[in-house]
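J.: Here you go, this is upload13.pdb (PDB, C-alpha atoms).
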ATOM      1  CA  MET A 249       9.097  19.155  -3.162  1.00  0.00           C
ATOM      2  CA  GLN A 250       8.218  20.169  -6.709  1.00  0.00           C
ATOM      3  CA  LYS A 251       8.333  17.295  -9.180  1.00  0.00           C
ATOM      4  CA  GLU A 252      10.647  17.855 -12.144  1.00  0.00           C
ATOM      5  CA  PRO A 253       9.145  17.736 -15.639  1.00  0.00           C
ATOM      6  CA  VAL A 254       9.653  14.628 -17.722  1.00  0.00           C
ATOM      7  CA  LYS A 255      12.841  14.712 -19.772  1.00  0.00           C
ATOM      8  CA  PRO A 256      11.942  15.230 -23.433  1.00  0.00           C
ATOM      9  CA  SER A 257      11.888  12.092 -25.534  1.00  0.00           C
ATOM     10  CA  LEU A 258       9.533  13.213 -28.280  1.00  0.00           C
ATOM     11  CA  SER A 259      10.477  15.854 -30.818  1.00  0.00           C
ATOM     12  CA  THR A 260      10.507  19.330 -29.253  1.00  0.00           C
ATOM     13  CA  SER A 261       9.789  21.260 -32.427  1.00  0.00           C
ATOM     14  CA  PRO A 262       7.629  24.385 -32.042  1.00  0.00           C
ATOM     15  CA  GLU A 263       4.868  22.591 -33.905  1.00  0.00           C
ATOM     16  CA  LEU A 264       4.831  19.772 -31.328  1.00  0.00           C
ATOM     17  CA  ARG A 265       5.119  22.083 -28.331  1.00  0.00           C
ATOM     18  CA  ASN A 266       2.075  24.006 -29.544  1.00  0.00           C
ATOM     19  CA  SER A 267       0.078  20.877 -30.358  1.00  0.00           C
ATOM     20  CA  ALA A 268      -2.414  19.188 -28.021  1.00  0.00           C
ATOM     21  CA  LEU A 269       0.059  16.326 -27.562  1.00  0.00           C
ATOM     22  CA  GLY A 270       2.849  18.739 -26.706  1.00  0.00           C
ATOM     23  CA  ARG A 271       0.709  20.594 -24.195  1.00  0.00           C
ATOM     24  CA  LEU A 272      -0.316  17.344 -22.548  1.00  0.00           C
ATOM     25  CA  ARG A 273       3.270  16.196 -22.364  1.00  0.00           C
ATOM     26  CA  SER A 274       4.448  19.488 -20.859  1.00  0.00           C
ATOM     27  CA  HIS A 275       2.070  18.985 -17.925  1.00  0.00           C
ATOM     28  CA  LEU A 276       3.510  15.619 -16.941  1.00  0.00           C
ATOM     29  CA  LYS A 277       5.665  15.475 -13.820  1.00  0.00           C
ATOM     30  CA  ARG A 278       8.285  12.847 -13.073  1.00  0.00           C
ATOM     31  CA  GLY A 279       7.324  10.362 -10.402  1.00  0.00           C
ATOM     32  CA  HIS A 280       3.620  11.160 -10.703  1.00  0.00           C
ATOM     33  CA  VAL A 281       0.892   8.567 -11.291  1.00  0.00           C
ATOM     34  CA  TYR A 282      -2.029   9.647 -13.473  1.00  0.00           C
ATOM     35  CA  ARG A 283      -5.472   8.283 -14.098  1.00  0.00           C
ATOM     36  CA  ARG A 284      -6.779   8.635 -17.626  1.00  0.00           C
ATOM     37  CA  GLU A 285      -9.530  10.904 -16.364  1.00  0.00           C
ATOM     38  CA  ASP A 286      -6.942  13.244 -14.823  1.00  0.00           C
ATOM     39  CA  LEU A 287      -5.655  14.053 -18.319  1.00  0.00           C
ATOM     40  CA  LEU A 288      -8.930  14.589 -20.153  1.00  0.00           C
ATOM     41  CA  GLY A 289      -8.737  18.353 -19.702  1.00  0.00           C
ATOM     42  CA  ASP A 290      -5.281  18.491 -21.317  1.00  0.00           C
ATOM     43  CA  SER A 291      -6.067  16.544 -24.483  1.00  0.00           C
ATOM     44  CA  ASN A 292      -8.635  16.515 -27.242  1.00  0.00           C
ATOM     45  CA  ALA A 293      -7.766  12.894 -28.132  1.00  0.00           C
ATOM     46  CA  VAL A 294      -6.546  11.450 -24.853  1.00  0.00           C
ATOM     47  CA  ASP A 295      -6.385   7.771 -25.834  1.00  0.00           C
ATOM     48  CA  ARG A 296      -4.323   8.450 -28.952  1.00  0.00           C
ATOM     49  CA  HIS A 297      -2.042  10.817 -27.075  1.00  0.00           C
ATOM     50  CA  LEU A 298      -1.566   8.387 -24.195  1.00  0.00           C
ATOM     51  CA  LYS A 299      -0.540   5.658 -26.638  1.00  0.00           C
ATOM     52  CA  GLN A 300       1.967   8.021 -28.274  1.00  0.00           C
ATOM     53  CA  LEU A 301       3.420   9.010 -24.902  1.00  0.00           C
ATOM     54  CA  VAL A 302       3.707   5.362 -23.825  1.00  0.00           C
ATOM     55  CA  ASP A 303       5.361   4.419 -27.135  1.00  0.00           C
ATOM     56  CA  ALA A 304       7.830   7.284 -26.680  1.00  0.00           C
ATOM     57  CA  GLY A 305       8.645   6.309 -23.080  1.00  0.00           C
ATOM     58  CA  ASP A 306       7.191   9.449 -21.528  1.00  0.00           C
ATOM     59  CA  LEU A 307       4.580   7.355 -19.745  1.00  0.00           C
ATOM     60  CA  GLU A 308       4.368   3.764 -18.546  1.00  0.00           C
ATOM     61  CA  LYS A 309       1.024   1.998 -18.488  1.00  0.00           C
ATOM     62  CA  LEU A 310       0.504   0.426 -15.062  1.00  0.00           C
ATOM     63  CA  ALA A 311      -3.056  -0.851 -15.445  1.00  0.00           C
ATOM     64  CA  GLN A 312      -6.187  -0.024 -17.381  1.00  0.00           C
ATOM     65  CA  GLY A 313      -6.539   3.758 -17.188  1.00  0.00           C
ATOM     66  CA  LEU A 314      -3.478   4.164 -14.927  1.00  0.00           C
ATOM     67  CA  TYR A 315      -0.155   5.679 -16.060  1.00  0.00           C
ATOM     68  CA  TYR A 316       3.196   6.630 -14.549  1.00  0.00           C
ATOM     69  CA  ALA A 317       5.578   9.384 -15.651  1.00  0.00           C
ATOM     70  CA  PRO A 318       8.874   7.592 -14.935  1.00  0.00           C
ATOM     71  CA  LYS A 319      11.566   9.124 -12.783  1.00  0.00           C
ATOM     72  CA  SER A 320      15.187   8.130 -13.396  1.00  0.00           C
ATOM     73  CA  SER A 321      18.196   7.657 -11.147  1.00  0.00           C
ATOM     74  CA  VAL A 322      21.782   6.541 -11.752  1.00  0.00           C
ATOM     75  CA  PHE A 323      20.465   2.974 -11.382  1.00  0.00           C
ATOM     76  CA  GLY A 324      17.769   3.385 -14.011  1.00  0.00           C
ATOM     77  CA  ARG A 325      14.064   4.080 -13.853  1.00  0.00           C
ATOM     78  CA  VAL A 326      12.577   4.404 -10.384  1.00  0.00           C
ATOM     79  CA  PRO A 327       9.206   2.675  -9.885  1.00  0.00           C
ATOM     80  CA  PRO A 328       6.359   4.681  -8.384  1.00  0.00           C
ATOM     81  CA  LYS A 329       6.082   4.702  -4.606  1.00  0.00           C
ATOM     82  CA  ASP A 330       3.519   2.234  -3.322  1.00  0.00           C
ATOM     83  CA  ASN A 331       1.442   4.847  -1.513  1.00  0.00           C
ATOM     84  CA  VAL A 332       1.324   7.112  -4.596  1.00  0.00           C
ATOM     85  CA  LEU A 333       0.365   4.188  -6.816  1.00  0.00           C
ATOM     86  CA  VAL A 334      -2.360   2.898  -4.502  1.00  0.00           C
ATOM     87  CA  GLU A 335      -3.789   6.375  -3.892  1.00  0.00           C
ATOM     88  CA  ALA A 336      -4.161   6.940  -7.634  1.00  0.00           C
ATOM     89  CA  PHE A 337      -5.702   3.511  -8.145  1.00  0.00           C
ATOM     90  CA  LEU A 338      -8.243   3.955  -5.349  1.00  0.00           C
ATOM     91  CA  LYS A 339      -8.790   7.682  -5.884  1.00  0.00           C
ATOM     92  CA  ASP A 340      -8.667   7.800  -2.100  1.00  0.00           C
ATOM     93  CA  GLU A 341      -6.119   8.578   0.625  1.00  0.00           C
ATOM     94  CA  ASN A 342      -7.881   6.400   3.187  1.00  0.00           C
ATOM     95  CA  PHE A 343      -5.961   3.109   3.129  1.00  0.00           C
ATOM     96  CA  LEU A 344      -3.248   1.254   5.020  1.00  0.00           C
ATOM     97  CA  LEU A 345      -0.328  -0.587   3.409  1.00  0.00           C
ATOM     98  CA  LEU A 346       1.009  -3.628   5.229  1.00  0.00           C
ATOM     99  CA  SER A 347       3.408  -6.459   4.435  1.00  0.00           C
ATOM    100  CA  PRO A 348       3.350  -9.704   6.459  1.00  0.00           C
ATOM    101  CA  ASN A 349       7.131  -9.220   6.656  1.00  0.00           C
ATOM    102  CA  SER A 350       6.410  -6.461   9.192  1.00  0.00           C
ATOM    103  CA  TYR A 351       5.399  -9.116  11.730  1.00  0.00           C
ATOM    104  CA  ASN A 352       9.065 -10.100  11.980  1.00  0.00           C
ATOM    105  CA  SER A 353       9.787  -6.822  13.794  1.00  0.00           C
ATOM    106  CA  LEU A 354       7.721  -7.999  16.790  1.00  0.00           C
ATOM    107  CA  GLY A 355      10.355 -10.511  17.886  1.00  0.00           C
ATOM    108  CA  LEU A 356       7.886 -13.399  18.138  1.00  0.00           C
ATOM    109  CA  GLY A 357       9.936 -15.858  16.122  1.00  0.00           C
ATOM    110  CA  THR A 358       8.423 -15.104  12.724  1.00  0.00           C
ATOM    111  CA  THR A 359      11.119 -15.158  10.061  1.00  0.00           C
ATOM    112  CA  GLN A 360       9.330 -15.962   6.807  1.00  0.00           C
ATOM    113  CA  LEU A 361       9.540 -13.468   3.952  1.00  0.00           C
ATOM    114  CA  TYR A 362       6.437 -12.847   1.856  1.00  0.00           C
ATOM    115  CA  ASN A 363       6.241 -11.266  -1.565  1.00  0.00           C
ATOM    116  CA  LYS A 364       2.927  -9.648  -0.790  1.00  0.00           C
ATOM    117  CA  THR A 365       1.636  -6.198   0.070  1.00  0.00           C
ATOM    118  CA  VAL A 366      -1.801  -5.933   1.640  1.00  0.00           C
ATOM    119  CA  VAL A 367      -3.931  -2.806   1.235  1.00  0.00           C
ATOM    120  CA  TYR A 368      -6.681  -2.295   3.806  1.00  0.00           C
ATOM    121  CA  ASN A 369      -9.256   0.041   2.302  1.00  0.00           C
ATOM    122  CA  HIS A 370     -12.979   0.771   1.978  1.00  0.00           C
ATOM    123  CA  LYS A 371     -13.398   0.343  -1.796  1.00  0.00           C
ATOM    124  CA  ARG A 372     -11.652  -2.535  -3.537  1.00  0.00           C
ATOM    125  CA  HIS A 373     -11.252  -6.247  -2.770  1.00  0.00           C
ATOM    126  CA  GLY A 374      -9.044  -8.704  -4.607  1.00  0.00           C
ATOM    127  CA  VAL A 375      -5.544  -8.993  -6.060  1.00  0.00           C
ATOM    128  CA  PHE A 376      -4.686  -6.304  -8.599  1.00  0.00           C
ATOM    129  CA  LYS A 377      -1.511  -6.027 -10.654  1.00  0.00           C
ATOM    130  CA  LEU A 378      -0.311  -2.440 -10.910  1.00  0.00           C
ATOM    131  CA  GLY A 379       2.754  -2.176 -13.097  1.00  0.00           C
ATOM    132  CA  ASN A 380       5.141  -4.949 -12.059  1.00  0.00           C
ATOM    133  CA  ARG A 381       3.634  -5.256  -8.569  1.00  0.00           C
ATOM    134  CA  SER A 382       0.668  -7.167  -7.229  1.00  0.00           C
ATOM    135  CA  PHE A 383      -1.332  -5.817  -4.312  1.00  0.00           C
ATOM    136  CA  GLU A 384      -3.892  -7.682  -2.251  1.00  0.00           C
ATOM    137  CA  PHE A 385      -6.722  -5.250  -1.552  1.00  0.00           C
ATOM    138  CA  ARG A 386      -8.945  -6.091   1.412  1.00  0.00           C
ATOM    139  CA  VAL A 387     -12.076  -4.140   2.276  1.00  0.00           C
ATOM    140  CA  LYS A 388     -12.171  -3.443   6.018  1.00  0.00           C
ATOM    141  CA  PRO A 389     -14.710  -1.403   7.971  1.00  0.00           C
ATOM    142  CA  ARG A 390     -11.916   0.185   9.991  1.00  0.00           C
ATOM    143  CA  PHE A 391      -8.139   0.297  10.241  1.00  0.00           C
ATOM    144  CA  PRO A 392      -5.615   2.718  11.772  1.00  0.00           C
ATOM    145  CA  LYS A 393      -3.939   5.518   9.859  1.00  0.00           C
ATOM    146  CA  LYS A 394      -0.480   4.099  10.526  1.00  0.00           C
ATOM    147  CA  LEU A 395       1.155   0.930  11.759  1.00  0.00           C
ATOM    148  CA  ASP A 396       2.347   0.398  15.317  1.00  0.00           C
ATOM    149  CA  LYS A 397       3.411  -2.721  17.194  1.00  0.00           C
ATOM    150  CA  GLU A 398       0.051  -3.153  18.931  1.00  0.00           C
ATOM    151  CA  PHE A 399      -1.809  -3.212  15.618  1.00  0.00           C
ATOM    152  CA  LEU A 400       0.811  -5.521  14.082  1.00  0.00           C
ATOM    153  CA  LEU A 401       0.269  -8.004  16.918  1.00  0.00           C
ATOM    154  CA  VAL A 402      -3.508  -7.878  16.506  1.00  0.00           C
ATOM    155  CA  ASP A 403      -3.213  -8.226  12.730  1.00  0.00           C
ATOM    156  CA  LEU A 404      -0.794 -11.137  13.086  1.00  0.00           C
ATOM    157  CA  LEU A 405      -3.251 -12.934  15.379  1.00  0.00           C
ATOM    158  CA  ASN A 406      -6.129 -12.189  12.999  1.00  0.00           C
ATOM    159  CA  ASN A 407      -4.183 -13.740  10.103  1.00  0.00           C
ATOM    160  CA  LEU A 408      -2.239 -16.434  11.927  1.00  0.00           C
ATOM    161  CA  ASP A 409      -3.812 -19.321  10.002  1.00  0.00           C
ATOM    162  CA  SER A 410      -2.589 -17.889   6.685  1.00  0.00           C
ATOM    163  CA  LEU A 411       1.059 -17.675   7.756  1.00  0.00           C
ATOM    164  CA  ALA A 412       3.748 -20.288   7.178  1.00  0.00           C
ATOM    165  CA  GLU A 413       4.951 -20.115  10.781  1.00  0.00           C
ATOM    166  CA  ASN A 414       4.320 -22.707  13.494  1.00  0.00           C
ATOM    167  CA  LYS A 415       1.122 -21.321  15.012  1.00  0.00           C
ATOM    168  CA  ASP A 416       1.610 -22.773  18.497  1.00  0.00           C
ATOM    169  CA  ASP A 417       5.156 -21.398  18.756  1.00  0.00           C
ATOM    170  CA  VAL A 418       4.056 -17.905  17.732  1.00  0.00           C
ATOM    171  CA  LEU A 419       1.154 -17.921  20.227  1.00  0.00           C
ATOM    172  CA  ALA A 420       3.378 -19.106  23.067  1.00  0.00           C
ATOM    173  CA  LYS A 421       5.953 -16.396  22.411  1.00  0.00           C
ATOM    174  CA  ALA A 422       3.278 -13.721  22.040  1.00  0.00           C
ATOM    175  CA  GLU A 423       1.760 -14.614  25.410  1.00  0.00           C
ATOM    176  CA  LYS A 424       5.152 -14.657  27.139  1.00  0.00           C
ATOM    177  CA  GLN A 425       6.160 -11.300  25.647  1.00  0.00           C
ATOM    178  CA  LEU A 426       2.889  -9.481  26.236  1.00  0.00           C
ATOM    179  CA  ASN A 427       4.705  -7.069  28.569  1.00  0.00           C
ATOM    180  CA  LYS A 428       6.450  -5.611  25.496  1.00  0.00           C
ATOM    181  CA  PHE A 429       3.158  -3.977  24.541  1.00  0.00           C
ATOM    182  CA  GLU A 430       1.349  -1.064  26.148  1.00  0.00           C
ATOM    183  CA  THR A 431      -1.614  -2.716  27.868  1.00  0.00           C
ATOM    184  CA  THR A 432      -4.177   0.074  27.522  1.00  0.00           C
ATOM    185  CA  LYS A 433      -3.273   0.689  23.891  1.00  0.00           C
ATOM    186  CA  LEU A 434      -3.361  -3.035  23.119  1.00  0.00           C
ATOM    187  CA  GLN A 435      -6.816  -3.373  24.680  1.00  0.00           C
ATOM    188  CA  LYS A 436      -8.144  -0.496  22.565  1.00  0.00           C
ATOM    189  CA  THR A 437      -6.525  -1.897  19.419  1.00  0.00           C
ATOM    190  CA  VAL A 438      -7.938  -5.373  19.998  1.00  0.00           C
ATOM    191  CA  SER A 439     -11.382  -3.892  20.648  1.00  0.00           C
ATOM    192  CA  ALA A 440     -11.278  -1.843  17.435  1.00  0.00           C
ATOM    193  CA  TYR A 441      -9.582  -4.243  15.000  1.00  0.00           C
ATOM    194  CA  GLY A 442      -9.451  -7.732  16.489  1.00  0.00           C
ATOM    195  CA  ALA A 443     -11.387 -10.693  15.154  1.00  0.00           C
ATOM    196  CA  GLY A 444     -13.553 -12.550  17.686  1.00  0.00           C
ATOM    197  CA  ARG A 445     -10.934 -15.220  18.363  1.00  0.00           C
ATOM    198  CA  THR A 446      -8.219 -12.592  18.712  1.00  0.00           C
ATOM    199  CA  LYS A 447     -10.273 -10.655  21.259  1.00  0.00           C
ATOM    200  CA  LYS A 448     -10.867 -13.770  23.358  1.00  0.00           C
ATOM    201  CA  ARG A 449      -7.228 -14.827  23.157  1.00  0.00           C
ATOM    202  CA  VAL A 450      -5.728 -11.470  24.143  1.00  0.00           C
ATOM    203  CA  SER A 451      -8.311 -10.919  26.895  1.00  0.00           C
ATOM    204  CA  SER A 452      -7.393 -14.305  28.375  1.00  0.00           C
ATOM    205  CA  TRP A 453      -3.683 -13.487  28.201  1.00  0.00           C
ATOM    206  CA  LEU A 454      -4.192 -10.139  29.886  1.00  0.00           C
ATOM    207  CA  ARG A 455      -6.263 -11.686  32.675  1.00  0.00           C
ATOM    208  CA  ASP A 456      -3.584 -14.305  33.280  1.00  0.00           C
ATOM    209  CA  THR A 457      -0.895 -11.619  33.327  1.00  0.00           C
ATOM    210  CA  GLN A 458      -2.881  -9.568  35.832  1.00  0.00           C
ATOM    211  CA  ARG A 459      -3.388 -12.578  38.110  1.00  0.00           C
ATOM    212  CA  ALA A 460       0.317 -13.420  37.956  1.00  0.00           C
ATOM    213  CA  SER A 461       1.267  -9.857  38.906  1.00  0.00           C
ATOM    214  CA  THR A 462      -0.978  -9.967  41.988  1.00  0.00           C
TER
END
Represent the structure contained in this file as structure tokens.
T.:
Amino acid sequence: MQKEPVKPSLSTSPELRNSALGRLRSHLKRGHVYRREDLLGDSNAVDRHLKQLVDAGDLEKLAQGLYYAPKSSVFGRVPPKDNVLVEAFLKDENFLLLSPNSYNSLGLGTTQLYNKTVVYNHKRHGVFKLGNRSFEFRVKPRFPKKLDKEFLLVDLLNNLDSLAENKDDVLAKAEKQLNKFETTKLQKTVSAYGAGRTKKRVSSWLRDTQRAST
């Protein structure tokens, strides 16, 4: 879908439209996140022009060198989508967004709500504030392209000590409900992404399940 141009908020006189600032502004698209370097080709004084556009409300500064052309709805300004924001920050499409709240979908008794979004990636590590949001970036050698319940289980087990849940209760429910997961897929997921303790734990559960079935 083509992004609509930013609604004019600066003067639209012919002099402005034909100026470097006007040309830069005309290239902005609503809902798009820009790095400073993305705009160098459209301006002969990019820092001054960016400040003018921020002051006028045509851009919002999200972080050093990162800007957002705000999109509006009937409820007000719409924040940038997380995946668009993170992609611009990393200059990379290879990442995975995950909230610990997603563990609650597994039905293992987790009910806590966390105000945290984790970004598995290959470049950045640490907590970064982008706009009004904070993201916890974690460098990982590998991660899947999208979330599924097998990966969520493995990730939950990897991070169990950092959760506010009762660890023993979660482990007991996970072992009892192992039949909710596709065995072959779970084995591959554990092998690819599981920490050492997670691999041992799931392997033991699967062996016990196999013995019980025979």
J.: Going by the chain IDs and residue numbers used in this file, which residues fall under the PyMOL selection byres ((chain A and resi 451-453) around 10)? Write them as a list in words.
T.: Ala422, Glu423, Lys424, Leu426, Gln435, Val438, Ser439, Arg445, Thr446, Lys447, Lys448, Arg449, Val450, Leu454, Arg455, Asp456, Thr457, Gln458 and Arg459 of chain A
J.: For the selection just defined, write its residues with C-alpha atoms to a file, as a short mmCIF file (atom, residue, chain, number, x, y, z; two decimals), in the frame of the given file.
T.:
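Written output follows (result25.cif):
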data_model
loop_
_atom_site.label_atom_id
_atom_site.label_comp_id
_atom_site.auth_asym_id
_atom_site.auth_seq_id
_atom_site.Cartn_x
_atom_site.Cartn_y
_atom_site.Cartn_z
CA ALA A 422 3.28 -13.72 22.04
CA GLU A 423 1.76 -14.61 25.41
CA LYS A 424 5.15 -14.66 27.14
CA LEU A 426 2.89 -9.48 26.24
CA GLN A 435 -6.82 -3.37 24.68
CA VAL A 438 -7.94 -5.37 20.00
CA SER A 439 -11.38 -3.89 20.65
CA ARG A 445 -10.93 -15.22 18.36
CA THR A 446 -8.22 -12.59 18.71
CA LYS A 447 -10.27 -10.66 21.26
CA LYS A 448 -10.87 -13.77 23.36
CA ARG A 449 -7.23 -14.83 23.16
CA VAL A 450 -5.73 -11.47 24.14
CA LEU A 454 -4.19 -10.14 29.89
CA ARG A 455 -6.26 -11.69 32.67
CA ASP A 456 -3.58 -14.30 33.28
CA THR A 457 -0.90 -11.62 33.33
CA GLN A 458 -2.88 -9.57 35.83
CA ARG A 459 -3.39 -12.58 38.11
#
J.: How far is it from CA of Phe391 (chain A) to CA of Lys329 (chain A), in Å with one decimal?
T.: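 One can read the CA of Phe391 (chain A) to CA of Lys329 (chain A) distance as 21.0 Å.
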J.: Using all atoms listed in the file, give me every residue within 8 Å of (1.4, -7.8, 7.2) in file coordinates, as a PDB file with C-alpha atoms, in the frame of the given file.
T.:
ATOM      1  CA  LEU A 346       1.009  -3.628   5.229  1.00  0.00           C
ATOM      2  CA  SER A 347       3.408  -6.459   4.435  1.00  0.00           C
ATOM      3  CA  PRO A 348       3.350  -9.704   6.459  1.00  0.00           C
ATOM      4  CA  ASN A 349       7.131  -9.220   6.656  1.00  0.00           C
ATOM      5  CA  SER A 350       6.410  -6.461   9.192  1.00  0.00           C
ATOM      6  CA  TYR A 351       5.399  -9.116  11.730  1.00  0.00           C
ATOM      7  CA  THR A 365       1.636  -6.198   0.070  1.00  0.00           C
ATOM      8  CA  VAL A 366      -1.801  -5.933   1.640  1.00  0.00           C
ATOM      9  CA  LEU A 400       0.811  -5.521  14.082  1.00  0.00           C
ATOM     10  CA  ASP A 403      -3.213  -8.226  12.730  1.00  0.00           C
ATOM     11  CA  LEU A 404      -0.794 -11.137  13.086  1.00  0.00           C
TER      12      LEU A 404
END
J.: Output as AutoDock Vina command-line options the centre and edge lengths (Å, one decimal) of the box along x, y and z of the file that holds every listed atom of region 402-415 of chain A after adding 5 Å on each side.
T.:
--center_x -0.6 --center_y -15.3 --center_z 11.6 --size_x 21.1 --size_y 24.8 --size_z 19.8
J.: Counting all atoms listed in the file, which residues sit no farther than 7 Å from the position (3.6, 2.8, -12.4) in the file's frame? I'd like them as a short mmCIF file (atom, residue, chain, number, x, y, z; two decimals) with C-alpha atoms, in the coordinates of the input.
T.:
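So the final result, stored in selection.cif, reads:
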data_model
loop_
_atom_site.label_atom_id
_atom_site.label_comp_id
_atom_site.auth_asym_id
_atom_site.auth_seq_id
_atom_site.Cartn_x
_atom_site.Cartn_y
_atom_site.Cartn_z
CA VAL A 281 0.89 8.57 -11.29
CA GLU A 308 4.37 3.76 -18.55
CA LYS A 309 1.02 2.00 -18.49
CA LEU A 310 0.50 0.43 -15.06
CA TYR A 315 -0.16 5.68 -16.06
CA TYR A 316 3.20 6.63 -14.55
CA PRO A 327 9.21 2.68 -9.88
CA PRO A 328 6.36 4.68 -8.38
CA LEU A 333 0.36 4.19 -6.82
CA LEU A 378 -0.31 -2.44 -10.91
CA GLY A 379 2.75 -2.18 -13.10
#
J.: Ranking A:Glu398, A:Asp409, A:Asp330, A:Glu335 by minimum distance to Asn427 (chain A) and counting all atoms listed in the file, which one comes first?
T.: A:Glu398
J.: Separation of CA of Ala317 (chain A) and CA of Tyr282 (chain A), in Å?
T.: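 Result for CA of Ala317 (chain A) versus CA of Tyr282 (chain A): 7.9 Å, one decimal.
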J.: For each of A:Leu344, A:Leu301, A:Leu287, A:Ala268, take the minimum atom-to-atom distance to Leu395 (chain A), counting all atoms listed in the file, then give the residue where this is smallest.
T.: A:Leu344
J.: Counting all atoms listed in the file, which of A:Leu288, A:Leu314, A:Leu405, A:Leu269 gets nearest to Val332 (chain A)?
T.: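 Nearest candidate to Val332 (chain A) out of A:Leu288, A:Leu314, A:Leu405, A:Leu269: A:Leu314.
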J.: Translate the PyMOL selection byres ((chain A and resi 376) around 12), as applied to the file shown, into an explicit residue set as a list in words.
T.: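 After applying the PyMOL selection byres ((chain A and resi 376) around 12), what remains is Leu310, Ala311, Gln312, Leu333, Val334, Phe337, Leu338, Lys364, Thr365, Val366, Val367, Arg372, His373, Gly374, Val375, Lys377, Leu378, Gly379, Asn380, Arg381, Ser382, Phe383, Glu384, Phe385 and Arg386 of chain A.
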J.: Please enumerate the residues selected by the PyMOL selection byres ((chain A and resi 389) around 9) when evaluated against the supplied file, formatted as JSON, numbers by chain.
T.: {"A": [369, 370, 387, 388, 390, 391]}
J.: Give me, please, the distance in Å between CA of Pro392 (chain A) and CA of Leu345 (chain A), quoted to one decimal.
T.: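 These two atoms are separated by 10.4 Å.
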J.: Of the candidates A:Phe399, A:Val418, A:Leu361, A:His275, which shows the shortest atom-to-atom distance to Ala440 (chain A), using only C-alpha atoms?
T.: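 Residue with the minimum atom-to-atom distance to Ala440 (chain A): A:Phe399.
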J.: Choose the residue, out of A:Ala460, A:Leu401, A:Leu411, A:Leu419, that has the smallest atom-to-atom separation from Lys433 (chain A); count all atoms listed in the file.
T.: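 Going through A:Ala460, A:Leu401, A:Leu411, A:Leu419 one by one, the smallest distance to Lys433 (chain A) is for A:Leu401.
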J.: Find the residues around Asp290 (chain A) up to 12 Å (only C-alpha atoms counted), leave out those fewer than 2 positions away in its own chain, and share them as a list in words.
T.: Ser267, Ala268, Leu269, Gly270, Arg271, Leu272, Arg273, Ser274, His275, Leu276, Arg284, Glu285, Asp286, Leu287, Leu288, Asn292, Ala293, Val294, Asp295, His297 and Leu298 of chain A
J.: Considering all atoms listed in the file, can you say which of A:Asp416, A:Ala336, A:Gly279, A:Phe343 comes closest to Lys393 (chain A)?
T.: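 Of all the options, A:Phe343 lies closest to Lys393 (chain A).
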